[in-house]
Amino acid sequence: MTDILLQVENLKTWFGSGAGAVRAVDGVSFEIKRGETFALLGESGCGKSVTSLSIMRLLSQPAGQVVGGRALLEGQDLLRLPEVKMRDVRGGRVAMIFQEPMTSLNPVLTVGEQICESLRRHRGLKGEKAQAALLELLDAVGIPDPRQRALEYPHQLSGGMKQRIMISIALAGEPELLIADEPTTALDVTIQAQILELLRTLQKERGMSIMLITHDLGVVAELADRVAVMYAGQIVEQASVREFFNAPQHPYSRKLFDSLPDINKRKSKLAIIAGSVPNLGQEFKGCRFADRCELAWQTCRDVEPVWQISDEGRGIRCHLYDAQLLSGRPVSQVAPVVVEEEVVPEKANQQISLLEINNLKVHYPIHKGLFKRRVGQVHAVDGVSFNIETGRTLALVGESGCGKTTAGKAILQLIRPTAGTVYFQGTSLNDLRGESLRKRRADFQIIFQDPYSSMNPRMRVADIIEEGMTALGVEVSRQSRQARVDELLTQVGLSPSMKYRYPHEFSGGQRQRICIARALAVNPKLIVCDEPTSALDVSVQAQILNLLKRLQDELGLSYLFITHNLSVVAYLAHEVAVMYLGRIVERGTVEEVLQNPRHPYTQALLAAVPVPDPDSRREISPLKGDMPSPIHPPAGCHFHPRCPHAMPICHDIYPGETVLSDKHRVHCHLYQDSAC
């Protein structure tokens, strides 16, 4: 028996027909061995998901068509099978975990019914045997109280639980190959660690192969054995994970690594990939990356690079590794000018307090019954205090549901706080109402997580940016407002000629730039950034982070940066506040909190972050359990049910604040006797 399970040869998938057909996948070849994890890495739109959907024969018809190639599963071409036979393979021998579990699960069926459906179809199990297999699957993927959870509906489960249900459905048919399409993208870092450890354990126990689709280099380093990098519908590099991370060869691969934020790059700009992915609705005659490549010469634009395999078995699609073509490279390009990274000077902290938050609380009442009696309340934000100085960035980090976004909205008075005070430049925002509050809104703005849903799709960009100026009376005449729109678009790196377009005509990164321009239009002093880069690829994320840092330096802006991405925090923030179940458990400077975390929850967050280095691959010890409900928070320290260091006192008394340094503070009984 050969050790090759799946062999994909020259796969081509097009959308549409004729000269304008979109070549989403254009000549992709790879193989997956038994028991290995093969990662398909690349940015959004490169063709990763379309490749997997082509293999599974799940393309939307008739728009998407496989126009060439083969997908051999143990020698059997899946692309030639009749649909009736493909149904036995799909969900049986080959299963798939989709990117968004909530939209993949049926909202009107219990999760148990959805798993049993696969058990009946692929293993012929019914009745008590199906129930036994169901409970065994739920237990295998780490679902607590599986008998009760099987009776629940998808909306009753957390994001991590829903992803585990998706995995159990995929495993129900006992697949030989599991295709995981961005299985951790929408999850918090702690839940991501749980899912990665689960996949690793299941693979070891069952001996199955995994095809991992992702744009996260850290996830690839943690889980994969081999990696293939996709760009514009083609694979441009393929190697073992250690070879790839030790020495990426393709210029595109190198740029992906250079774009990663970390604490060592704080004083320099992140590398970006200029331009954008080319339109795939065209015939290519040269390298598809040439227009964005700093090492390209004319041959790259005129001659399509061929796939080459080195003696070590690495694959590369680049003229830099073609000795025959490389000899014709102009001398000026042989040793390109090395551009020093621009050092971004940090302004001296003038210790001018801009925003002061004291004991902020947001509680939502819970009403039940015919007469809507109040039966409880949700402690969304439960006593938060911090301050932000002029020209500084405070990062608010924590898992989903901890209250970060609610706190940000309460500060801006988009949600009225239940208790506590918010002082902006010495003025209490809690006391402002109506017109007096509207006049102050020019001083503080918000950038939302999803740029597309936060813009009116029927308005042109110029009107979207101008709207705030008109409402707050920032510019008197329409002519001056239009001039300001042009200035803002230039400031965020877009052409003023784009102002007459609609939001759907822009990429995700460009839409986020428009949202930043809209926030800047009224000359704010504080911007609340609510996960502004979570939906972006690493290279686009680098562009946005560079922009935010430059604007802060030029305009003296302050940021409240809400995120769960600790790499972004390490690069951008000056101070960090770690939030858990409505309360801040640790805060301090970036160096203090990220390099010397004291609270067990902060330590767990940092330990869960996947490191883009396979040599640092470790046994993942994920944080156990899910965050408790904010309706009934645990007595004592809220973290004690999940804490490996919990003591008897933690069950009864919430820890007070321990001052570790001028900026570093922690709420934990472990340090009650070590206050400075």
# chains A, B, ... in the order shown; residues from 1 in each chain; ligands from 1
>>> closest_atom_pairs(of="stretch 224-301 of chain A", to="stretch 49-53 of chain A", cutoff="12 Å", atoms="only C-alpha atoms", output="Markdown table")
| residue | atom | partner | partner_atom | distance |
| --- | --- | --- | --- | --- |
| A:Met230 | CA | A:Thr51 | CA | 10.3 |
| A:Ala232 | CA | A:Val50 | CA | 11.8 |
| A:Gly233 | CA | A:Thr51 | CA | 8.9 |
| A:Gln234 | CA | A:Thr51 | CA | 10.2 |
| A:Ile235 | CA | A:Thr51 | CA | 11.0 |
>>> write_last_selection(atoms="N, CA, C and O atoms", output="mmCIF file, in the first residue's frame")
data_model
loop_
_atom_site.group_PDB
_atom_site.id
_atom_site.type_symbol
_atom_site.label_atom_id
_atom_site.label_comp_id
_atom_site.auth_asym_id
_atom_site.auth_seq_id
_atom_site.Cartn_x
_atom_site.Cartn_y
_atom_site.Cartn_z
ATOM 1 N N MET A 230 0.031 29.395 -1.258
ATOM 2 C CA MET A 230 -0.745 29.726 -2.451
ATOM 3 C C MET A 230 -0.770 31.233 -2.669
ATOM 4 O O MET A 230 -0.829 32.013 -1.719
ATOM 5 N N ALA A 232 -2.667 33.837 -5.726
ATOM 6 C CA ALA A 232 -3.390 34.096 -6.975
ATOM 7 C C ALA A 232 -3.689 32.814 -7.748
ATOM 8 O O ALA A 232 -3.487 32.736 -8.959
ATOM 9 N N GLY A 233 -4.159 31.783 -7.032
ATOM 10 C CA GLY A 233 -4.608 30.563 -7.688
ATOM 11 C C GLY A 233 -3.539 29.524 -7.957
ATOM 12 O O GLY A 233 -3.841 28.463 -8.504
ATOM 13 N N GLN A 234 -2.288 29.797 -7.568
ATOM 14 C CA GLN A 234 -1.202 28.849 -7.799
ATOM 15 C C GLN A 234 -0.427 28.593 -6.509
ATOM 16 O O GLN A 234 -0.386 29.446 -5.619
ATOM 17 N N ILE A 235 0.194 27.431 -6.424
ATOM 18 C CA ILE A 235 1.135 27.160 -5.340
ATOM 19 C C ILE A 235 2.493 27.696 -5.759
ATOM 20 O O ILE A 235 3.002 27.353 -6.835
#
>>> closest_residue(among="A:Thr13, A:Ser259, A:Thr427, A:Gln203", to="A:Leu58", atoms="only C-alpha atoms")
A:Thr13
>>> select_by_dssp(residues="stretch 266-444 of chain A", states="helix (DSSP H, G or I)", output="tab-separated table (two decimals) with all heavy atoms, in the first residue's frame")
chain	number	residue	atom	x	y	z
A	290	ALA	N	4.76	39.49	-9.75
A	290	ALA	CA	5.79	40.40	-10.26
A	290	ALA	C	5.53	41.85	-9.91
A	290	ALA	O	6.45	42.59	-9.51
A	290	ALA	CB	5.93	40.23	-11.77
A	291	ASP	N	4.28	42.32	-10.05
A	291	ASP	CA	3.98	43.74	-9.82
A	291	ASP	C	4.11	44.14	-8.35
A	291	ASP	O	4.15	45.33	-8.04
A	291	ASP	CB	2.56	44.06	-10.31
A	291	ASP	CG	2.47	44.02	-11.83
A	291	ASP	OD1	3.51	44.15	-12.49
A	291	ASP	OD2	1.34	43.85	-12.35
A	292	ARG	N	4.19	43.16	-7.45
A	292	ARG	CA	4.30	43.47	-6.02
A	292	ARG	C	5.67	43.07	-5.47
A	292	ARG	O	5.92	43.22	-4.27
A	292	ARG	CB	3.20	42.74	-5.25
A	292	ARG	CG	1.81	42.97	-5.80
A	292	ARG	CD	0.77	42.19	-5.02
A	292	ARG	NE	0.52	42.74	-3.70
A	292	ARG	CZ	-0.19	42.13	-2.76
A	292	ARG	NH1	-0.72	40.94	-3.00
A	292	ARG	NH2	-0.39	42.68	-1.58
A	298	GLN	N	12.26	42.39	-15.80
A	298	GLN	CA	11.35	42.32	-16.93
A	298	GLN	C	10.96	40.89	-17.28
A	298	GLN	O	9.82	40.62	-17.66
A	298	GLN	CB	11.97	43.02	-18.16
A	298	GLN	CG	10.99	43.24	-19.31
A	298	GLN	CD	9.76	44.04	-18.89
A	298	GLN	OE1	9.89	45.04	-18.18
A	298	GLN	NE2	8.57	43.59	-19.31
A	299	THR	N	11.88	39.96	-17.16
A	299	THR	CA	11.58	38.57	-17.47
A	299	THR	C	10.43	38.04	-16.62
A	299	THR	O	9.61	37.22	-17.08
A	299	THR	CB	12.83	37.70	-17.25
A	299	THR	OG1	13.90	38.19	-18.06
A	299	THR	CG2	12.57	36.24	-17.60
A	300	CYS	N	10.35	38.52	-15.38
A	300	CYS	CA	9.27	38.08	-14.48
A	300	CYS	C	7.90	38.46	-15.04
A	300	CYS	O	6.91	37.77	-14.81
A	300	CYS	CB	9.45	38.69	-13.10
A	300	CYS	SG	10.99	38.19	-12.27
A	301	ARG	N	7.85	39.57	-15.78
A	301	ARG	CA	6.57	40.04	-16.34
A	301	ARG	C	6.27	39.40	-17.69
A	301	ARG	O	5.12	39.42	-18.13
A	301	ARG	CB	6.60	41.56	-16.46
A	301	ARG	CG	6.70	42.27	-15.11
A	301	ARG	CD	6.85	43.78	-15.24
A	301	ARG	NE	6.84	44.42	-13.94
A	301	ARG	CZ	7.90	44.54	-13.16
A	301	ARG	NH1	9.07	44.06	-13.57
A	301	ARG	NH2	7.81	45.12	-11.98
A	302	ASP	N	7.30	38.87	-18.33
A	302	ASP	CA	7.12	38.33	-19.68
A	302	ASP	C	7.04	36.81	-19.74
A	302	ASP	O	6.43	36.25	-20.65
A	302	ASP	CB	8.28	38.79	-20.58
A	302	ASP	CG	8.32	40.30	-20.75
A	302	ASP	OD1	7.26	40.93	-20.59
A	302	ASP	OD2	9.41	40.85	-21.02
A	319	HIS	N	11.57	32.78	-10.74
A	319	HIS	CA	12.73	32.88	-11.63
A	319	HIS	C	14.05	33.02	-10.87
A	319	HIS	O	15.11	32.77	-11.45
A	319	HIS	CB	12.56	34.07	-12.58
A	319	HIS	CG	11.48	33.88	-13.60
A	319	HIS	ND1	11.23	32.68	-14.21
A	319	HIS	CD2	10.57	34.76	-14.11
A	319	HIS	CE1	10.22	32.81	-15.05
A	319	HIS	NE2	9.80	34.07	-15.01
A	320	LEU	N	13.99	33.43	-9.60
A	320	LEU	CA	15.22	33.57	-8.82
A	320	LEU	C	15.93	32.24	-8.64
A	320	LEU	O	17.12	32.20	-8.32
A	320	LEU	CB	14.90	34.17	-7.45
A	320	LEU	CG	14.48	35.65	-7.41
A	320	LEU	CD1	14.02	36.03	-6.01
A	320	LEU	CD2	15.64	36.54	-7.84
A	321	TYR	N	15.19	31.14	-8.82
A	321	TYR	CA	15.77	29.82	-8.63
A	321	TYR	C	15.88	29.05	-9.95
A	321	TYR	O	16.06	27.84	-9.96
A	321	TYR	CB	14.94	29.04	-7.61
A	321	TYR	CG	14.89	29.77	-6.28
A	321	TYR	CD1	13.87	30.67	-6.01
A	321	TYR	CD2	15.91	29.61	-5.34
A	321	TYR	CE1	13.84	31.38	-4.82
A	321	TYR	CE2	15.89	30.32	-4.15
A	321	TYR	CZ	14.85	31.20	-3.89
A	321	TYR	OH	14.85	31.91	-2.71
A	323	ALA	N	18.30	28.91	-12.88
A	323	ALA	CA	19.65	29.36	-13.24
A	323	ALA	C	19.72	29.90	-14.66
A	323	ALA	O	20.44	30.87	-14.94
A	323	ALA	CB	20.64	28.20	-13.07
A	324	GLN	N	18.97	29.31	-15.58
A	324	GLN	CA	19.02	29.73	-16.98
A	324	GLN	C	18.46	31.14	-17.15
A	324	GLN	O	19.06	31.98	-17.86
A	324	GLN	CB	18.23	28.74	-17.83
A	324	GLN	CG	18.38	28.98	-19.33
A	324	GLN	CD	17.70	27.90	-20.15
A	324	GLN	OE1	17.16	26.95	-19.60
A	324	GLN	NE2	17.74	28.03	-21.46
A	325	LEU	N	17.36	31.46	-16.50
A	325	LEU	CA	16.76	32.79	-16.62
A	325	LEU	C	17.44	33.81	-15.72
A	325	LEU	O	17.51	34.99	-16.03
A	325	LEU	CB	15.27	32.73	-16.29
A	325	LEU	CG	14.39	31.99	-17.31
A	325	LEU	CD1	12.96	31.90	-16.80
A	325	LEU	CD2	14.41	32.70	-18.66
A	326	LEU	N	17.96	33.34	-14.59
A	326	LEU	CA	18.59	34.25	-13.64
A	326	LEU	C	19.85	34.89	-14.23
A	326	LEU	O	20.20	36.02	-13.89
A	326	LEU	CB	18.95	33.50	-12.35
A	326	LEU	CG	19.44	34.35	-11.17
A	326	LEU	CD1	18.37	35.34	-10.74
A	326	LEU	CD2	19.83	33.44	-10.00
A	331	VAL	N	22.19	43.74	-13.95
A	331	VAL	CA	23.15	43.88	-12.84
A	331	VAL	C	22.55	44.70	-11.71
A	331	VAL	O	22.78	44.42	-10.52
A	331	VAL	CB	24.46	44.52	-13.35
A	331	VAL	CG1	25.43	44.74	-12.20
A	331	VAL	CG2	25.10	43.64	-14.42
A	332	SER	N	21.78	45.72	-12.07
A	332	SER	CA	21.20	46.59	-11.05
A	332	SER	C	20.23	45.84	-10.14
A	332	SER	O	19.95	46.26	-9.02
A	332	SER	CB	20.46	47.76	-11.71
A	332	SER	OG	19.42	47.26	-12.55
A	333	GLN	N	19.72	44.70	-10.63
A	333	GLN	CA	18.76	43.94	-9.84
A	333	GLN	C	19.41	42.81	-9.07
A	333	GLN	O	18.80	42.23	-8.19
A	333	GLN	CB	17.67	43.34	-10.75
A	333	GLN	CG	16.64	44.34	-11.23
A	333	GLN	CD	15.66	44.66	-10.12
A	333	GLN	OE1	16.03	45.15	-9.07
A	333	GLN	NE2	14.39	44.38	-10.35
A	334	VAL	N	20.67	42.51	-9.40
A	334	VAL	CA	21.33	41.40	-8.73
A	334	VAL	C	21.54	41.70	-7.25
A	334	VAL	O	21.39	40.86	-6.38
A	334	VAL	CB	22.67	41.07	-9.41
A	334	VAL	CG1	23.43	40.02	-8.61
A	334	VAL	CG2	22.42	40.57	-10.83
A	404	LYS	N	-15.13	43.51	26.81
A	404	LYS	CA	-14.25	44.53	26.22
A	404	LYS	C	-15.04	45.54	25.38
A	404	LYS	O	-14.92	46.76	25.56
A	404	LYS	CB	-13.19	43.88	25.33
A	404	LYS	CG	-12.35	42.81	25.99
A	404	LYS	CD	-11.23	42.33	25.08
A	404	LYS	CE	-11.69	41.73	23.78
A	404	LYS	NZ	-12.45	40.48	23.93
A	405	THR	N	-15.83	45.04	24.43
A	405	THR	CA	-16.58	45.92	23.53
A	405	THR	C	-17.63	46.72	24.29
A	405	THR	O	-17.82	47.91	24.02
A	405	THR	CB	-17.23	45.10	22.41
A	405	THR	OG1	-16.21	44.48	21.62
A	405	THR	CG2	-18.08	45.98	21.51
A	406	THR	N	-18.29	46.08	25.25
A	406	THR	CA	-19.29	46.80	26.05
A	406	THR	C	-18.65	47.95	26.82
A	406	THR	O	-19.22	49.05	26.90
A	406	THR	CB	-19.97	45.83	27.04
A	406	THR	OG1	-20.56	44.76	26.30
A	406	THR	CG2	-21.04	46.53	27.84
A	407	ALA	N	-17.45	47.72	27.36
A	407	ALA	CA	-16.74	48.78	28.07
A	407	ALA	C	-16.42	49.93	27.12
A	407	ALA	O	-16.59	51.11	27.48
A	407	ALA	CB	-15.45	48.23	28.69
A	408	GLY	N	-15.97	49.61	25.90
A	408	GLY	CA	-15.65	50.65	24.93
A	408	GLY	C	-16.86	51.48	24.58
A	408	GLY	O	-16.79	52.72	24.49
A	409	LYS	N	-18.01	50.83	24.38
A	409	LYS	CA	-19.23	51.56	24.04
A	409	LYS	C	-19.74	52.39	25.21
A	409	LYS	O	-20.28	53.49	25.03
A	409	LYS	CB	-20.31	50.57	23.58
A	409	LYS	CG	-20.03	49.94	22.23
A	409	LYS	CD	-21.13	48.98	21.82
A	409	LYS	CE	-20.86	48.40	20.43
A	409	LYS	NZ	-21.92	47.45	20.02
A	410	ALA	N	-19.57	51.88	26.44
A	410	ALA	CA	-20.00	52.63	27.62
A	410	ALA	C	-19.14	53.88	27.82
A	410	ALA	O	-19.65	54.93	28.23
A	410	ALA	CB	-19.93	51.74	28.86
A	411	ILE	N	-17.86	53.78	27.51
A	411	ILE	CA	-16.98	54.94	27.62
A	411	ILE	C	-17.44	56.05	26.68
A	411	ILE	O	-17.45	57.23	27.03
A	411	ILE	CB	-15.53	54.53	27.32
A	411	ILE	CG1	-14.97	53.67	28.46
A	411	ILE	CG2	-14.63	55.75	27.09
A	411	ILE	CD1	-13.68	52.97	28.13
A	429	LEU	N	-18.55	62.59	31.27
A	429	LEU	CA	-19.44	62.27	30.15
A	429	LEU	C	-20.76	61.70	30.63
A	429	LEU	O	-21.78	61.80	29.93
A	429	LEU	CB	-18.75	61.27	29.20
A	429	LEU	CG	-17.45	61.75	28.54
A	429	LEU	CD1	-16.96	60.68	27.55
A	429	LEU	CD2	-17.64	63.07	27.83
A	430	ASN	N	-20.77	61.12	31.84
A	430	ASN	CA	-22.01	60.56	32.38
A	430	ASN	C	-23.08	61.63	32.55
A	430	ASN	O	-24.28	61.35	32.45
A	430	ASN	CB	-21.76	59.91	33.75
A	430	ASN	CG	-20.67	58.87	33.70
A	430	ASN	OD1	-19.53	59.18	33.38
A	430	ASN	ND2	-21.01	57.63	34.03
A	431	ASP	N	-22.64	62.86	32.83
A	431	ASP	CA	-23.59	63.94	33.11
A	431	ASP	C	-24.10	64.64	31.86
A	431	ASP	O	-25.02	65.46	31.94
A	431	ASP	CB	-22.94	64.98	34.04
A	431	ASP	CG	-22.52	64.37	35.37
A	431	ASP	OD1	-23.16	63.38	35.78
A	431	ASP	OD2	-21.56	64.88	35.98
A	434	GLY	N	-28.15	64.85	25.45
A	434	GLY	CA	-28.64	65.57	24.28
A	434	GLY	C	-27.58	66.33	23.52
A	434	GLY	O	-26.53	65.79	23.15
A	435	GLU	N	-27.83	67.61	23.31
A	435	GLU	CA	-26.96	68.45	22.48
A	435	GLU	C	-25.57	68.59	23.06
A	435	GLU	O	-24.58	68.61	22.33
A	435	GLU	CB	-27.61	69.83	22.31
A	435	GLU	CG	-26.87	70.75	21.34
A	435	GLU	CD	-26.84	70.20	19.91
A	435	GLU	OE1	-27.76	69.44	19.55
A	435	GLU	OE2	-25.89	70.53	19.18
A	436	SER	N	-25.47	68.70	24.38
A	436	SER	CA	-24.15	68.87	25.00
A	436	SER	C	-23.27	67.64	24.78
A	436	SER	O	-22.05	67.76	24.60
A	436	SER	CB	-24.30	69.15	26.50
A	436	SER	OG	-25.02	68.10	27.13
A	437	LEU	N	-23.88	66.44	24.76
A	437	LEU	CA	-23.11	65.22	24.48
A	437	LEU	C	-22.74	65.15	23.01
A	437	LEU	O	-21.61	64.78	22.66
A	437	LEU	CB	-23.91	63.99	24.89
A	437	LEU	CG	-23.26	62.62	24.61
A	437	LEU	CD1	-21.92	62.51	25.32
A	437	LEU	CD2	-24.19	61.48	25.03
A	438	ARG	N	-23.68	65.53	22.13
A	438	ARG	CA	-23.38	65.49	20.70
A	438	ARG	C	-22.21	66.41	20.33
A	438	ARG	O	-21.40	66.09	19.47
A	438	ARG	CB	-24.63	65.88	19.89
A	438	ARG	CG	-25.59	64.72	19.67
A	438	ARG	CD	-26.63	65.06	18.61
A	438	ARG	NE	-27.54	66.11	19.07
A	438	ARG	CZ	-28.63	65.87	19.78
A	438	ARG	NH1	-28.94	64.63	20.13
A	438	ARG	NH2	-29.41	66.87	20.14
A	439	LYS	N	-22.12	67.53	21.00
A	439	LYS	CA	-21.01	68.46	20.71
A	439	LYS	C	-19.66	67.86	21.08
A	439	LYS	O	-18.66	68.18	20.45
A	439	LYS	CB	-21.23	69.77	21.48
A	439	LYS	CG	-22.34	70.64	20.90
A	439	LYS	CD	-22.49	71.92	21.71
A	439	LYS	CE	-23.58	72.81	21.11
A	439	LYS	NZ	-23.77	74.05	21.91
A	440	ARG	N	-19.65	67.00	22.10
A	440	ARG	CA	-18.38	66.40	22.52
A	440	ARG	C	-18.01	65.17	21.69
A	440	ARG	O	-16.88	64.69	21.77
A	440	ARG	CB	-18.44	65.98	24.00
A	440	ARG	CG	-18.52	67.13	25.00
A	440	ARG	CD	-17.41	68.16	24.81
A	440	ARG	NE	-16.07	67.64	24.84
A	440	ARG	CZ	-15.30	67.65	25.94
A	440	ARG	NH1	-15.75	68.13	27.07
A	440	ARG	NH2	-14.06	67.18	25.89
A	441	ARG	N	-18.94	64.63	20.90
A	441	ARG	CA	-18.66	63.40	20.16
A	441	ARG	C	-17.56	63.56	19.13
A	441	ARG	O	-16.97	62.57	18.69
A	441	ARG	CB	-19.93	62.87	19.49
A	441	ARG	CG	-20.94	62.32	20.49
A	441	ARG	CD	-21.77	61.20	19.90
A	441	ARG	NE	-22.72	60.67	20.86
A	441	ARG	CZ	-22.42	59.75	21.76
A	441	ARG	NH1	-21.19	59.27	21.84
A	441	ARG	NH2	-23.34	59.31	22.61
A	442	ALA	N	-17.29	64.78	18.71
A	442	ALA	CA	-16.18	65.01	17.78
A	442	ALA	C	-14.84	64.65	18.42
A	442	ALA	O	-13.87	64.35	17.72
A	442	ALA	CB	-16.16	66.46	17.32
A	443	ASP	N	-14.77	64.64	19.76
A	443	ASP	CA	-13.51	64.38	20.46
A	443	ASP	C	-13.20	62.89	20.58
A	443	ASP	O	-12.05	62.52	20.84
A	443	ASP	CB	-13.55	65.00	21.86
A	443	ASP	CG	-13.49	66.51	21.83
A	443	ASP	OD1	-12.92	67.05	20.87
A	443	ASP	OD2	-14.02	67.15	22.76
>>> atom_distance(atom1="atom CA of A:Ser567", atom2="atom CA of A:Gln603")
14.5 Å
>>> residues_around(residues="A:Asp88", least_positions_apart="2", cutoff="12 Å", atoms="only C-alpha atoms", output="count of residues only")
23
>>> residues_around(residues="A:Phe561", least_positions_apart="5", cutoff="7 Å", atoms="only C-alpha atoms", output="list in words")
Thr393, Leu394, Ala395, Leu396, Val528, Cys529 and Asp530 of chain A
>>> select_by_dssp(residues="stretch 227-443 of chain A", states="strand (DSSP E or B)", output="tab-separated table (two decimals) with C-alpha atoms, in the first residue's frame")
chain	number	residue	atom	x	y	z
A	227	VAL	CA	3.23	23.43	3.94
A	228	ALA	CA	2.30	24.81	0.51
A	229	VAL	CA	1.97	28.57	-0.04
A	230	MET	CA	-0.75	29.73	-2.45
A	231	TYR	CA	-0.87	33.03	-4.30
A	234	GLN	CA	-1.20	28.85	-7.80
A	235	ILE	CA	1.13	27.16	-5.34
A	236	VAL	CA	4.35	29.20	-5.28
A	237	GLU	CA	6.31	27.28	-2.64
A	238	GLN	CA	6.16	23.89	-0.95
A	239	ALA	CA	8.42	22.42	1.74
A	240	SER	CA	8.52	20.69	5.08
A	268	SER	CA	10.06	50.29	13.18
A	308	GLN	CA	10.97	23.50	-9.88
A	309	ILE	CA	11.88	20.85	-7.33
A	315	GLY	CA	9.18	23.10	-4.63
A	316	ILE	CA	9.37	26.71	-5.83
A	343	VAL	CA	12.36	54.07	12.79
A	353	SER	CA	-4.41	62.34	31.31
A	354	LEU	CA	-7.04	62.34	28.57
A	355	LEU	CA	-9.50	59.69	29.76
A	356	GLU	CA	-10.16	58.51	33.32
A	357	ILE	CA	-12.45	55.55	34.04
A	358	ASN	CA	-13.46	54.83	37.63
A	359	ASN	CA	-15.39	51.71	38.71
A	360	LEU	CA	-17.33	51.51	35.42
A	361	LYS	CA	-20.24	49.06	35.47
A	362	VAL	CA	-22.72	47.96	32.81
A	363	HIS	CA	-25.42	45.56	34.00
A	364	TYR	CA	-28.27	44.36	31.78
A	365	PRO	CA	-31.53	43.37	33.49
A	366	ILE	CA	-33.07	39.98	32.68
A	367	HIS	CA	-36.87	39.98	32.43
A	368	LYS	CA	-39.11	36.92	32.29
A	373	ARG	CA	-40.46	40.65	36.06
A	374	ARG	CA	-36.78	41.28	36.66
A	375	VAL	CA	-35.21	37.96	37.63
A	376	GLY	CA	-31.52	38.77	37.38
A	377	GLN	CA	-28.90	40.77	35.57
A	378	VAL	CA	-25.92	40.27	33.27
A	379	HIS	CA	-22.72	41.69	34.76
A	380	ALA	CA	-21.20	42.64	31.40
A	381	VAL	CA	-18.77	45.20	32.88
A	382	ASP	CA	-18.35	44.98	36.63
A	383	GLY	CA	-16.07	47.65	38.07
A	384	VAL	CA	-13.44	48.65	35.50
A	385	SER	CA	-10.92	51.43	36.18
A	386	PHE	CA	-8.06	52.77	34.05
A	387	ASN	CA	-6.79	55.94	32.42
A	388	ILE	CA	-5.34	56.81	29.00
A	389	GLU	CA	-2.85	59.60	28.47
A	393	THR	CA	-2.40	53.41	23.40
A	394	LEU	CA	-4.04	51.20	25.99
A	395	ALA	CA	-4.88	47.68	24.82
A	396	LEU	CA	-7.89	45.98	26.38
A	397	VAL	CA	-7.47	42.22	25.91
A	419	ALA	CA	-22.47	52.94	37.63
A	420	GLY	CA	-19.05	54.52	37.69
A	421	THR	CA	-17.63	57.64	36.08
A	422	VAL	CA	-16.06	58.50	32.73
A	423	TYR	CA	-14.04	61.72	32.67
A	424	PHE	CA	-12.78	63.06	29.34
A	427	THR	CA	-15.49	66.60	31.96
A	428	SER	CA	-17.86	63.90	33.21
>>> closest_residue(among="A:Arg80, A:Lys285, A:Lys162, A:Arg34", to="A:Gly112", atoms="only C-alpha atoms")
A:Lys162
>>> closest_residue(among="A:Lys204, A:Ala130, A:Thr110, A:Arg484", to="A:Arg149", atoms="only C-alpha atoms")
A:Thr110
>>> residues_around(residues="stretch 169-171 of chain A", least_positions_apart="6", cutoff="10 Å", atoms="only C-alpha atoms", output="MDAnalysis selection string")
chainID A and resid 90:98 105 111:112 114:119 134 137:138 140:141 163 177:180 202 206
>>> residues_around(residues="A:Phe38", least_positions_apart="4", cutoff="10 Å", atoms="only C-alpha atoms", output="PDB file with C-alpha atoms, in the first residue's frame")
ATOM      1  CA  PHE A  30       0.186  18.483  -4.244  1.00  0.00           C
ATOM      2  CA  GLU A  31      -0.043  15.225  -2.356  1.00  0.00           C
ATOM      3  CA  ILE A  32      -0.992  14.307   1.207  1.00  0.00           C
ATOM      4  CA  LYS A  33       0.554  11.317   2.944  1.00  0.00           C
ATOM      5  CA  ILE A 179     -10.092  18.961   5.594  1.00  0.00           C
ATOM      6  CA  SER A 209      -4.513  12.798   7.503  1.00  0.00           C
ATOM      7  CA  ILE A 210      -5.370  16.486   7.873  1.00  0.00           C
ATOM      8  CA  MET A 211      -5.453  19.126   5.169  1.00  0.00           C
ATOM      9  CA  LEU A 212      -5.220  22.400   7.106  1.00  0.00           C
ATOM     10  CA  ILE A 213      -6.306  25.595   5.348  1.00  0.00           C
ATOM     11  CA  VAL A 220       0.967  26.121  10.684  1.00  0.00           C
ATOM     12  CA  LEU A 223       0.283  21.615  13.709  1.00  0.00           C
ATOM     13  CA  ALA A 224       1.619  20.997  10.196  1.00  0.00           C
ATOM     14  CA  ASP A 225       4.233  18.597   8.819  1.00  0.00           C
ATOM     15  CA  ARG A 226       4.421  20.117   5.329  1.00  0.00           C
ATOM     16  CA  VAL A 227       3.232  23.434   3.936  1.00  0.00           C
ATOM     17  CA  ALA A 228       2.298  24.808   0.513  1.00  0.00           C
ATOM     18  CA  SER A 240       8.521  20.691   5.082  1.00  0.00           C
ATOM     19  CA  VAL A 241       7.473  22.988   7.899  1.00  0.00           C
TER      20      VAL A 241
END
>>> residues_around(residues="A:Met627", least_positions_apart="5", cutoff="10 Å", atoms="only C-alpha atoms", output="list in words")
Ser158, Glu399, Ser400, Gly401, Cys402, Tyr580, Leu581, Pro633, His638, Phe639, Pro641 and Arg642 of chain A
>>> closest_residue(among="A:Ala274, A:Ile143, A:Gly391, A:Arg416", to="A:Glu575", atoms="only C-alpha atoms")
A:Gly391
>>> atom_distance(atom1="atom CA of A:Lys269", atom2="atom CA of A:Leu545")
8.7 Å
>>> closest_residue(among="A:Ala39, A:Leu270, A:Ile167, A:Val578", to="A:Lys549", atoms="only C-alpha atoms")
A:Leu270
>>> atom_distance(atom1="atom CA of A:Gly160", atom2="atom CA of A:Lys624")
11.7 Å
